[in-house]
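Coordinates from upload-v8.txt are shown below (compact mmCIF, C-alpha atoms).
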```txt
# COMPACT_ATOMS: atom_id res chain seq x y z
CA MET A 21 99.27 128.11 99.73
CA ASP A 22 99.94 126.43 103.08
CA PHE A 23 100.85 122.75 103.49
CA ARG A 24 97.22 121.71 104.08
CA LYS A 25 95.94 123.20 100.85
CA GLN A 26 98.92 121.78 98.98
CA LYS A 27 98.25 118.32 100.35
CA LEU A 28 94.53 118.45 99.53
CA ALA A 29 95.28 119.71 96.02
CA GLN A 30 97.70 116.83 95.50
CA LEU A 31 95.11 114.34 96.73
CA ASP A 32 92.62 115.79 94.23
CA ARG A 33 95.13 115.39 91.38
CA ASP A 34 95.85 111.79 92.38
CA GLY A 35 92.18 110.83 92.75
CA LEU A 36 92.74 110.09 96.45
CA ARG A 37 90.75 112.76 98.28
CA ARG A 38 88.14 111.38 100.63
CA ARG A 39 85.07 112.94 102.22
CA THR A 40 82.63 111.82 104.85
CA GLU A 41 78.93 111.43 104.14
CA ALA A 42 76.21 111.32 106.79
CA TRP A 43 73.65 108.53 106.46
CA PRO A 44 70.20 108.45 108.05
CA GLU A 45 70.41 104.74 108.90
CA THR A 46 72.56 101.61 108.86
CA GLY A 47 71.95 98.24 107.28
CA ALA A 48 71.88 96.51 103.91
CA HIS A 49 69.34 99.04 102.57
CA VAL A 50 70.03 102.73 103.19
CA HIS A 51 68.46 105.94 101.92
CA ALA A 52 70.69 108.46 100.17
CA ALA A 53 70.11 112.19 99.80
CA GLY A 54 66.93 112.67 97.82
CA GLY A 55 65.34 109.63 99.41
CA HIS A 56 66.27 106.92 96.92
CA MET A 57 67.24 103.52 98.32
CA LEU A 58 70.70 102.01 97.95
CA LEU A 59 71.81 98.42 98.43
CA ASN A 60 74.75 98.75 100.80
CA PHE A 61 77.88 96.69 100.05
CA SER A 62 80.25 98.83 102.13
CA SER A 63 79.25 97.70 105.63
CA ASN A 64 81.19 95.31 107.89
CA ASP A 65 78.03 94.36 109.80
CA TYR A 66 78.43 90.86 108.39
CA LEU A 67 75.73 89.13 110.45
CA GLY A 68 73.31 92.05 110.55
CA LEU A 69 73.58 92.18 114.34
CA ALA A 70 73.88 95.96 114.65
CA GLN A 71 70.09 96.11 114.20
CA ASP A 72 69.27 92.83 115.95
CA PRO A 73 66.51 93.29 118.58
CA HIS A 74 68.33 91.24 121.22
CA VAL A 75 71.59 93.14 120.68
CA LYS A 76 69.82 96.51 120.92
CA ALA A 77 67.93 95.42 124.04
CA ARG A 78 71.21 94.38 125.67
CA ALA A 79 72.74 97.78 124.86
CA MET A 80 69.76 99.70 126.27
CA ALA A 81 69.68 97.59 129.42
CA ALA A 82 73.38 98.30 129.97
CA VAL A 83 72.83 102.06 129.65
CA SER A 84 69.86 101.84 132.00
CA GLN A 85 71.95 100.08 134.67
CA TRP A 86 75.40 101.68 134.25
CA GLY A 87 74.80 104.96 132.43
CA CYS A 88 76.42 106.32 129.30
CA GLY A 89 80.12 106.13 130.17
CA ALA A 90 82.50 103.91 132.12
CA THR A 91 83.80 107.18 133.67
CA ALA A 92 87.48 106.17 133.94
CA SER A 93 90.24 103.99 132.58
CA ARG A 94 90.06 100.29 133.38
CA LEU A 95 92.82 100.54 136.03
CA MET A 96 91.25 103.46 137.86
CA CYS A 97 87.56 102.70 138.44
CA GLY A 98 86.37 102.07 134.86
CA THR A 99 86.19 98.28 134.95
CA LEU A 100 82.54 97.32 135.25
CA ALA A 101 81.18 93.87 135.95
CA LEU A 102 79.96 93.99 132.35
CA HIS A 103 83.56 94.25 131.06
CA GLU A 104 84.48 91.02 132.77
CA GLU A 105 81.25 89.30 131.73
CA LEU A 106 81.97 90.19 128.09
CA GLU A 107 85.61 89.08 128.39
CA ALA A 108 84.55 85.68 129.74
CA ALA A 109 82.06 85.28 126.86
CA LEU A 110 84.68 86.29 124.25
CA ALA A 111 87.23 83.85 125.66
CA GLN A 112 84.67 81.06 125.46
CA LEU A 113 83.78 82.04 121.89
CA ALA A 114 87.45 82.10 120.81
CA GLY A 115 88.37 78.98 122.76
CA THR A 116 91.02 80.62 124.95
CA GLU A 117 91.68 80.90 128.67
CA ALA A 118 91.04 84.61 128.78
CA ALA A 119 90.27 87.77 126.85
CA LEU A 120 90.91 91.47 127.37
CA VAL A 121 88.65 94.20 125.96
CA PHE A 122 90.06 97.49 124.63
CA SER A 123 88.21 100.71 123.84
CA SER A 124 89.24 100.70 120.16
CA GLY A 125 90.38 98.01 117.76
CA PHE A 126 92.84 100.39 116.08
CA GLY A 127 94.15 101.68 119.38
CA MET A 128 94.44 98.14 120.70
CA ASN A 129 96.79 97.08 117.92
CA VAL A 130 98.86 100.26 118.18
CA GLY A 131 99.44 99.49 121.87
CA LEU A 132 99.63 95.71 121.56
CA VAL A 133 102.65 95.37 119.28
CA PRO A 134 104.94 97.65 121.36
CA ALA A 135 104.00 95.58 124.42
CA LEU A 136 105.17 92.42 122.65
CA ALA A 137 108.31 93.75 120.93
CA GLY A 138 110.79 96.60 121.29
CA ARG A 139 114.34 97.65 120.57
CA GLY A 140 116.57 94.66 119.89
CA ASP A 141 113.59 92.55 118.80
CA VAL A 142 112.38 91.66 115.30
CA VAL A 143 108.79 91.81 114.04
CA PHE A 144 107.91 89.84 110.90
CA THR A 145 104.77 91.13 109.22
CA ASP A 146 102.70 90.15 106.21
CA ARG A 147 102.90 92.99 103.69
CA LEU A 148 99.13 93.53 103.77
CA ILE A 149 98.41 93.70 107.50
CA HIS A 150 96.10 96.44 108.74
CA ALA A 151 97.40 99.99 109.20
CA SER A 152 96.95 99.74 112.97
CA LEU A 153 99.39 96.82 113.11
CA VAL A 154 101.81 98.62 110.79
CA ASP A 155 101.73 101.64 113.09
CA GLY A 156 102.15 99.45 116.16
CA ALA A 157 105.20 97.77 114.62
CA ARG A 158 106.75 101.15 113.79
CA LEU A 159 106.11 102.51 117.27
CA SER A 160 107.61 99.44 118.91
CA GLY A 161 111.16 100.37 117.89
CA ALA A 162 111.78 96.78 116.80
CA THR A 163 113.36 95.87 113.48
CA VAL A 164 110.50 95.20 111.04
CA LYS A 165 110.79 92.60 108.27
CA ARG A 166 107.91 92.29 105.80
CA PHE A 167 107.22 88.99 104.07
CA THR A 168 105.39 88.50 100.76
CA HIS A 169 101.64 88.37 101.28
CA ASN A 170 100.48 84.94 102.48
CA ASP A 171 103.85 83.41 101.50
CA ALA A 172 105.06 81.06 104.23
CA SER A 173 108.19 80.27 102.22
CA ASP A 174 109.22 83.92 102.19
CA LEU A 175 108.55 84.14 105.91
CA ALA A 176 110.73 81.07 106.46
CA ARG A 177 113.51 82.71 104.42
CA LEU A 178 113.36 85.90 106.49
CA LEU A 179 113.27 84.00 109.77
CA GLY A 180 116.33 82.02 108.72
CA GLN A 181 118.27 85.04 107.48
CA THR A 182 117.52 87.49 110.31
CA PRO A 183 119.64 87.12 113.44
CA CYS A 184 117.93 88.21 116.63
CA GLU A 185 119.17 88.13 120.21
CA GLY A 186 115.84 89.42 121.52
CA ARG A 187 112.23 88.45 120.93
CA ARG A 188 110.67 87.52 117.61
CA LEU A 189 107.04 88.30 116.76
CA ILE A 190 105.14 87.25 113.63
CA ILE A 191 102.01 89.20 112.68
CA THR A 192 99.37 88.28 110.12
CA GLU A 193 95.65 88.54 109.60
CA SER A 194 93.46 85.48 109.13
CA VAL A 195 90.96 87.03 106.69
CA PHE A 196 92.51 90.04 104.96
CA SER A 197 90.30 93.11 104.99
CA MET A 198 90.78 94.34 101.41
CA ASP A 199 91.51 91.11 99.51
CA GLY A 200 89.24 88.77 101.46
CA ASP A 201 91.80 85.99 101.16
CA LEU A 202 92.93 83.66 103.93
CA ALA A 203 96.31 83.25 105.60
CA PRO A 204 98.02 79.83 105.79
CA LEU A 205 97.77 79.89 109.58
CA GLU A 206 99.04 76.38 110.32
CA LYS A 207 102.18 76.87 108.24
CA ILE A 208 102.85 80.23 109.86
CA HIS A 209 102.27 78.75 113.31
CA ASP A 210 104.72 75.91 112.60
CA LEU A 211 107.34 78.47 111.53
CA SER A 212 106.75 80.49 114.69
CA ARG A 213 107.46 77.46 116.82
CA ALA A 214 110.47 76.35 114.78
CA HIS A 215 112.08 79.79 115.15
CA GLY A 216 111.05 80.63 118.71
CA ALA A 217 108.67 83.41 117.70
CA SER A 218 105.38 84.54 119.18
CA LEU A 219 102.43 84.68 116.79
CA LEU A 220 99.77 87.41 116.67
CA VAL A 221 96.82 86.86 114.34
CA ASP A 222 94.32 89.64 113.63
CA GLU A 223 90.90 88.01 113.28
CA ALA A 224 88.88 91.21 112.85
CA HIS A 225 87.09 89.90 109.74
CA ALA A 226 86.86 86.28 110.92
CA ILE A 227 85.23 86.67 114.35
CA GLY A 228 81.54 85.82 114.12
CA VAL A 229 81.95 84.32 110.65
CA TRP A 230 84.51 81.51 110.78
CA GLY A 231 84.89 78.70 113.30
CA ARG A 232 81.24 78.83 114.40
CA GLY A 233 81.85 82.42 115.37
CA GLY A 234 85.17 81.94 117.14
CA GLY A 235 87.39 82.87 114.20
CA MET A 236 89.72 80.92 111.93
CA ALA A 237 92.15 80.10 114.73
CA ARG A 238 89.31 78.32 116.56
CA MET A 239 89.18 75.88 113.63
CA LEU A 240 92.80 74.79 114.18
CA PRO A 241 94.01 72.07 116.55
CA ALA A 242 94.67 73.54 119.98
CA ALA A 243 98.43 73.07 119.55
CA SER A 244 98.40 75.14 116.33
CA ARG A 245 96.62 78.22 117.63
CA PRO A 246 98.33 81.63 117.87
CA ASP A 247 99.69 83.11 121.09
CA PHE A 248 97.55 86.21 120.64
CA MET A 249 94.32 86.51 118.69
CA ALA A 250 93.18 90.08 118.07
CA GLY A 251 89.46 90.53 117.46
CA THR A 252 87.04 93.39 117.01
CA LEU A 253 83.61 94.15 118.39
CA GLY A 254 82.88 96.56 115.54
CA LYS A 255 82.29 94.24 112.59
CA ALA A 256 80.32 90.98 112.86
CA LEU A 257 79.51 91.75 116.51
CA GLY A 258 77.84 95.03 115.54
CA SER A 259 79.32 97.18 118.32
CA LEU A 260 82.64 98.99 118.94
CA GLY A 261 85.98 98.10 120.50
CA GLY A 262 88.69 95.49 120.30
CA PHE A 263 89.73 92.43 122.27
CA ILE A 264 92.67 90.08 122.67
CA ALA A 265 92.01 86.37 123.24
CA CYS A 266 94.98 84.70 124.94
CA THR A 267 96.15 82.89 128.06
CA ALA A 268 95.37 84.23 131.52
CA GLU A 269 99.06 85.05 132.03
CA SER A 270 99.20 86.98 128.75
CA ARG A 271 96.07 88.89 129.76
CA ASP A 272 97.73 89.93 133.00
CA PHE A 273 100.86 90.96 131.08
CA LEU A 274 98.83 93.17 128.71
CA ILE A 275 96.94 94.81 131.57
CA ASN A 276 100.29 95.97 132.87
CA CYS A 277 102.18 96.64 129.62
CA ALA A 278 99.79 97.68 126.82
CA ARG A 279 99.64 101.48 126.93
CA SER A 280 96.43 101.66 124.89
CA PHE A 281 94.76 99.64 127.66
CA ILE A 282 96.36 101.44 130.59
CA PHE A 283 95.75 105.02 129.46
CA ALA A 284 92.40 104.81 127.62
CA THR A 285 88.95 105.43 129.07
CA ALA A 286 87.13 102.11 129.34
CA LEU A 287 84.63 100.99 126.73
CA PRO A 288 81.16 102.41 127.56
CA PRO A 289 78.24 100.27 128.76
CA ALA A 290 76.19 100.47 125.54
CA CYS A 291 79.05 98.96 123.52
CA LEU A 292 79.65 96.26 126.11
CA GLY A 293 75.99 95.31 126.26
CA ALA A 294 75.64 95.23 122.48
CA ALA A 295 78.75 93.08 122.05
CA LEU A 296 77.61 90.69 124.76
CA GLY A 297 74.21 90.44 123.08
CA ALA A 298 75.92 89.66 119.76
CA VAL A 299 78.03 86.91 121.32
CA GLU A 300 74.87 85.45 122.84
CA ARG A 301 73.14 85.47 119.45
CA ILE A 302 76.10 83.75 117.80
CA THR A 303 76.30 81.18 120.60
CA GLN A 304 72.60 80.42 120.14
CA ASP A 305 72.98 80.21 116.34
CA PRO A 306 76.61 79.29 115.58
CA ASP A 307 75.86 78.54 111.93
CA MET A 308 75.22 82.21 111.08
CA GLY A 309 78.73 82.59 109.71
CA GLY A 310 78.45 79.44 107.63
CA ARG A 311 75.23 80.73 106.08
CA LEU A 312 76.93 84.04 105.31
CA LEU A 313 79.81 82.32 103.52
CA LYS A 314 77.39 80.28 101.39
CA HIS A 315 75.55 83.52 100.65
CA ALA A 316 78.81 85.17 99.57
CA GLN A 317 79.81 82.20 97.45
CA PHE A 318 76.56 82.46 95.48
CA PHE A 319 77.20 86.16 94.94
CA HIS A 320 80.74 85.45 93.76
CA ALA A 321 79.42 82.88 91.26
CA TRP A 322 76.76 85.30 89.95
CA LEU A 323 79.38 88.02 89.48
CA MET A 324 81.64 85.64 87.59
CA ALA A 325 78.71 84.62 85.39
CA GLU A 326 78.26 88.32 84.58
CA GLY A 327 81.84 88.52 83.37
CA VAL A 328 83.29 90.36 86.38
CA PRO A 329 86.95 89.29 86.81
CA LEU A 330 87.44 88.11 90.38
CA PRO A 331 90.04 86.23 92.40
CA ALA A 332 89.01 82.78 93.63
CA PHE A 333 86.28 82.79 96.27
CA ALA A 334 87.59 82.92 99.83
CA SER A 335 85.33 84.89 102.17
CA GLN A 336 82.49 87.39 102.61
CA ILE A 337 84.82 90.13 101.27
CA ILE A 338 84.88 90.16 97.46
CA PRO A 339 87.35 92.54 95.78
CA VAL A 340 86.74 93.64 92.18
CA PRO A 341 90.13 94.67 90.74
CA VAL A 342 90.06 97.94 88.78
CA GLY A 343 93.60 99.31 88.84
CA THR A 344 93.51 103.10 88.58
CA ASN A 345 92.13 105.41 91.24
CA ASP A 346 90.01 107.41 88.80
CA ALA A 347 88.47 104.27 87.29
CA ALA A 348 87.55 102.89 90.72
CA VAL A 349 85.91 106.17 91.75
CA ALA A 350 84.05 106.40 88.42
CA MET A 351 82.73 102.84 88.74
CA ALA A 352 81.61 103.41 92.32
CA ARG A 353 79.83 106.61 91.24
CA ARG A 354 78.09 104.82 88.35
CA LEU A 355 77.00 101.95 90.61
CA ARG A 356 75.53 104.45 93.04
CA GLU A 357 73.44 105.86 90.21
CA CYS A 358 72.23 102.27 89.70
CA GLY A 359 71.25 101.93 93.36
CA LEU A 360 74.37 100.27 94.83
CA LEU A 361 76.59 101.68 97.57
CA VAL A 362 80.05 100.25 96.85
CA ALA A 363 83.35 101.51 98.23
CA ALA A 364 86.15 102.52 95.85
CA VAL A 365 89.26 101.46 97.75
CA ARG A 366 92.46 103.30 96.85
CA PRO A 367 95.96 103.82 98.26
CA PRO A 368 97.12 103.96 100.96
CA THR A 369 94.48 101.43 102.00
CA VAL A 370 95.73 99.15 99.19
CA PRO A 371 99.06 99.17 97.30
CA GLN A 372 99.61 101.67 94.49
CA GLY A 373 98.02 100.57 91.20
CA THR A 374 95.60 98.10 92.84
CA ALA A 375 92.50 100.27 93.35
CA ARG A 376 89.37 98.18 93.55
CA LEU A 377 85.73 97.95 94.45
CA ARG A 378 85.28 96.18 97.78
CA LEU A 379 82.05 94.22 98.05
CA SER A 380 81.07 93.24 101.57
CA VAL A 381 78.31 90.64 101.79
CA THR A 382 76.06 90.48 104.87
CA LEU A 383 73.26 88.24 106.07
CA SER A 384 70.95 91.22 105.67
CA HIS A 385 71.25 90.94 101.87
CA SER A 386 68.61 88.73 100.31
CA GLU A 387 69.38 86.43 97.38
CA ALA A 388 67.33 88.77 95.21
CA ASP A 389 69.51 91.69 96.38
CA LEU A 390 72.65 89.81 95.42
CA GLU A 391 71.34 88.70 92.04
CA GLN A 392 70.23 92.24 91.20
CA ALA A 393 73.59 93.66 92.29
CA ALA A 394 75.55 91.10 90.26
CA VAL A 395 73.69 92.06 87.10
CA GLN A 396 74.26 95.78 87.67
CA ILE A 397 77.92 95.37 88.56
CA GLY A 398 78.49 93.17 85.52
CA ALA A 399 76.85 95.68 83.18
CA THR A 400 78.80 98.57 84.69
CA PHE A 401 82.09 96.74 84.48
CA ARG A 402 81.56 95.82 80.84
CA LYS A 403 80.82 99.44 79.95
CA MET A 404 83.62 101.00 81.97
CA GLU A 405 86.39 98.39 82.09
CA PRO A 406 89.76 100.07 81.36
CA ARG A 407 91.16 99.03 77.97
```

Hey, can you dump this file as structure tokens for me?
Amino acid sequence: MDFRKQKLAQLDRDGLRRRTEAWPETGAHVHAAGGHMLLNFSSNDYLGLAQDPHVKARAMAAVSQWGCGATASRLMCGTLALHEELEAALAQLAGTEAALVFSSGFGMNVGLVPALAGRGDVVFTDRLIHASLVDGARLSGATVKRFTHNDASDLARLLGQTPCEGRRLIITESVFSMDGDLAPLEKIHDLSRAHGASLLVDEAHAIGVWGRGGGMARMLPAASRPDFMAGTLGKALGSLGGFIACTAESRDFLINCARSFIFATALPPACLGAALGAVERITQDPDMGGRLLKHAQFFHAWLMAEGVPLPAFASQIIPVPVGTNDAAVAMARRLRECGLLVAAVRPPTVPQGTARLRLSVTLSHSEADLEQAAVQIGATFRKMEPR
């Protein structure tokens, strides 16, 4: 048996093997094989903009004018007027001087961290940051120190105990993707300034939802905002790609130093047009995110009333702790039989022993959808809860 078969066999034994599944549509209601309808709680299309008529029209108009591909990297001839139009709109949304669009959110982070830190530097990371940031920190060659999740005191301890003659960089998320909880951004910012560190905040799950669409950092006083805010076009904005919101000088630095910007083919017109259309929709209706959070809070309360053990409400991402990989997969399978599409999240996406169901609430879910789902999830959890 070669190493591939051995690895797949081990994944099967550990309840960690994953498979793709093709779907005939996107949205809060999707048809599965056999034609039956599922309520979808696995999507990150938080504002339902991936199917918004204005967003789709913007994408189609972009393809009509510029074609299907940007045809080159940004520094060759791939920068279209639409790239710069989107960057100006994103900077305005995030409340920064400038923004820089990347072809991929994951690739952006992998290239961003090595641009900001290298050998002789120290990177301080929350233990639960996204895999792309973990990989970027590893590739940077810097010393990496991990602080306890959302624990500013532990970060302060590490900053005080770690000598560094080079640069210091602190990395956290604002809304964490698998726990849905929120970082203490002001405390972390104060520590960054006290210890001469730069601060990078990943706002992938906050853009479009918090701060009237501009993210959690937009809600802070201007003096308490991070040096670099990483966002995505592929969640609440319903498109694809990543962006950094920062100063104009930092933008120029990244154009010249971030390898995942320099060497990647530019984001195609359809994605640019869709993202620009989404920003326009959010600008016209900046309370969309606030309505989503109220929506999610109702769902959280209904789940609690059904006896589902949950952490305190924080965001549109609601984790249901299960524990074992097999139990999480079994619960997800049972919920699918009941008409719910729910992701069973297992290591390495989450730490060992913390498998869970991840419920992602969107504006495309009606209150009736959420009530129905809460009842079904509660009944399933009561029947299958590990003893």

- Kindly indicate which residue among A:Leu132, A:Val365, A:Leu179, A:Ala290 lies nearest to Ala278 in chain A, using only C-alpha atoms for the distances. A:Leu132

- Task: Determine the nearest neighbour of Met239 in chain A from the options A:Cys184, A:Phe263, A:Ala114, A:Gly398, counting only C-alpha atoms.
- Result: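 For Met239 in chain A, the nearest of the candidates is A:Ala114.
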
- Go through A:Ala135, A:Ala364, A:Ala48, A:Gly235 one by one, measure the shortest atom-to-atom distance of each to Ser270 in chain A using all atoms listed in the file, and give the residue with the smallest value.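 Going through A:Ala135, A:Ala364, A:Ala48, A:Gly235 one by one, the smallest distance to Ser270 in chain A is for A:Ala135.
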
- Residue nearest Ala298 in chain A among A:Ile397, A:Ser194, A:Leu257, A:His225 (counting all atoms listed in the file): A:Leu257

- Item | Counting only C-alpha atoms, the option among A:Leu28, A:Leu153, A:Ser218, A:Asp34 closest to Thr344 in chain A | A:Asp34

- Task: Select, from A:Leu292, A:Ala388, A:Leu313, A:Ala101, the residue with the minimum atom-to-atom distance to Phe333 in chain A, counting only C-alpha atoms.
- Result: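 That would be A:Leu313, the residue with the smallest distance to Phe333 in chain A.
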
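Here CA of Glu185 in chain A stands at a distance of 28.5 Å from CA of Ala242 in chain A.
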
- Query: Could you pull the residues within 6 Å of Ala286 in chain A, counting only C-alpha atoms, minus those fewer than 2 positions along the same chain, as a PyMOL selection string?
  - Reply: chain A and resi 90+93-94+98+123

Preceding selection exported with C-alpha atoms as a PDB file, keeping the file's coordinate frame:
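Written output follows (again.pdb):
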```pdb
ATOM      1  CA  ALA A  90      82.500 103.910 132.120  1.00  0.00           C
ATOM      2  CA  SER A  93      90.240 103.990 132.580  1.00  0.00           C
ATOM      3  CA  ARG A  94      90.060 100.290 133.380  1.00  0.00           C
ATOM      4  CA  GLY A  98      86.370 102.070 134.860  1.00  0.00           C
ATOM      5  CA  SER A 123      88.210 100.710 123.840  1.00  0.00           C
TER       6      SER A 123
END
```

- Grab the CA of Asn276 in chain A to CA of Gly131 in chain A distance for me, in Å with one decimal place.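 A separation of 11.6 Å between them.
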
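The two atoms in question, CA of Leu260 in chain A and CA of Leu106 in chain A, are spaced 12.7 Å apart.
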
- Residue neighbourhood Arg213 in chain A, 12 Å, only C-alpha atoms, exclusion window fewer than 6 positions, as a list in words: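 That gives Ala176, Leu179, Arg188, Leu189, Ile190, Glu206, Lys207, Leu219, Ala243, Ser244, Arg245, Pro246 and Asp247 of chain A.
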
- Message: Give me, as a VMD selection string, all polymer residues having an atom no more than 10 Å from Arg158 in chain A, counting only C-alpha atoms and skipping those fewer than 4 positions away in the same chain.
- Response: chain A and resid 130 133 to 134 138 143 152 to 154 162 to 164

- Message: Need the shell around Leu59 in chain A: protein/DNA/RNA residues with any atom at most 8 Å away, counting all atoms listed in the file. Skip same-chain ones fewer than 6 positions apart. Format as number ranges by chain?
- Response: A: 48-50, 359-361, 389, 393

- Query: Could you pull the residues within 12 Å of Ala348 in chain A, counting all atoms listed in the file, minus those fewer than 5 positions along the same chain, as a list of chain:residue names?
  - Reply: A:Gly35, A:Leu36, A:Pro339, A:Val340, A:Pro341, A:Val342, A:Gly343, A:Arg353, A:Arg354, A:Leu355, A:Val362, A:Ala363, A:Ala364, A:Val365, A:Arg366, A:Pro367, A:Gly373, A:Thr374, A:Ala375, A:Arg376, A:Leu377, A:Arg378, A:Thr400, A:Phe401, A:Met404, A:Glu405, A:Pro406
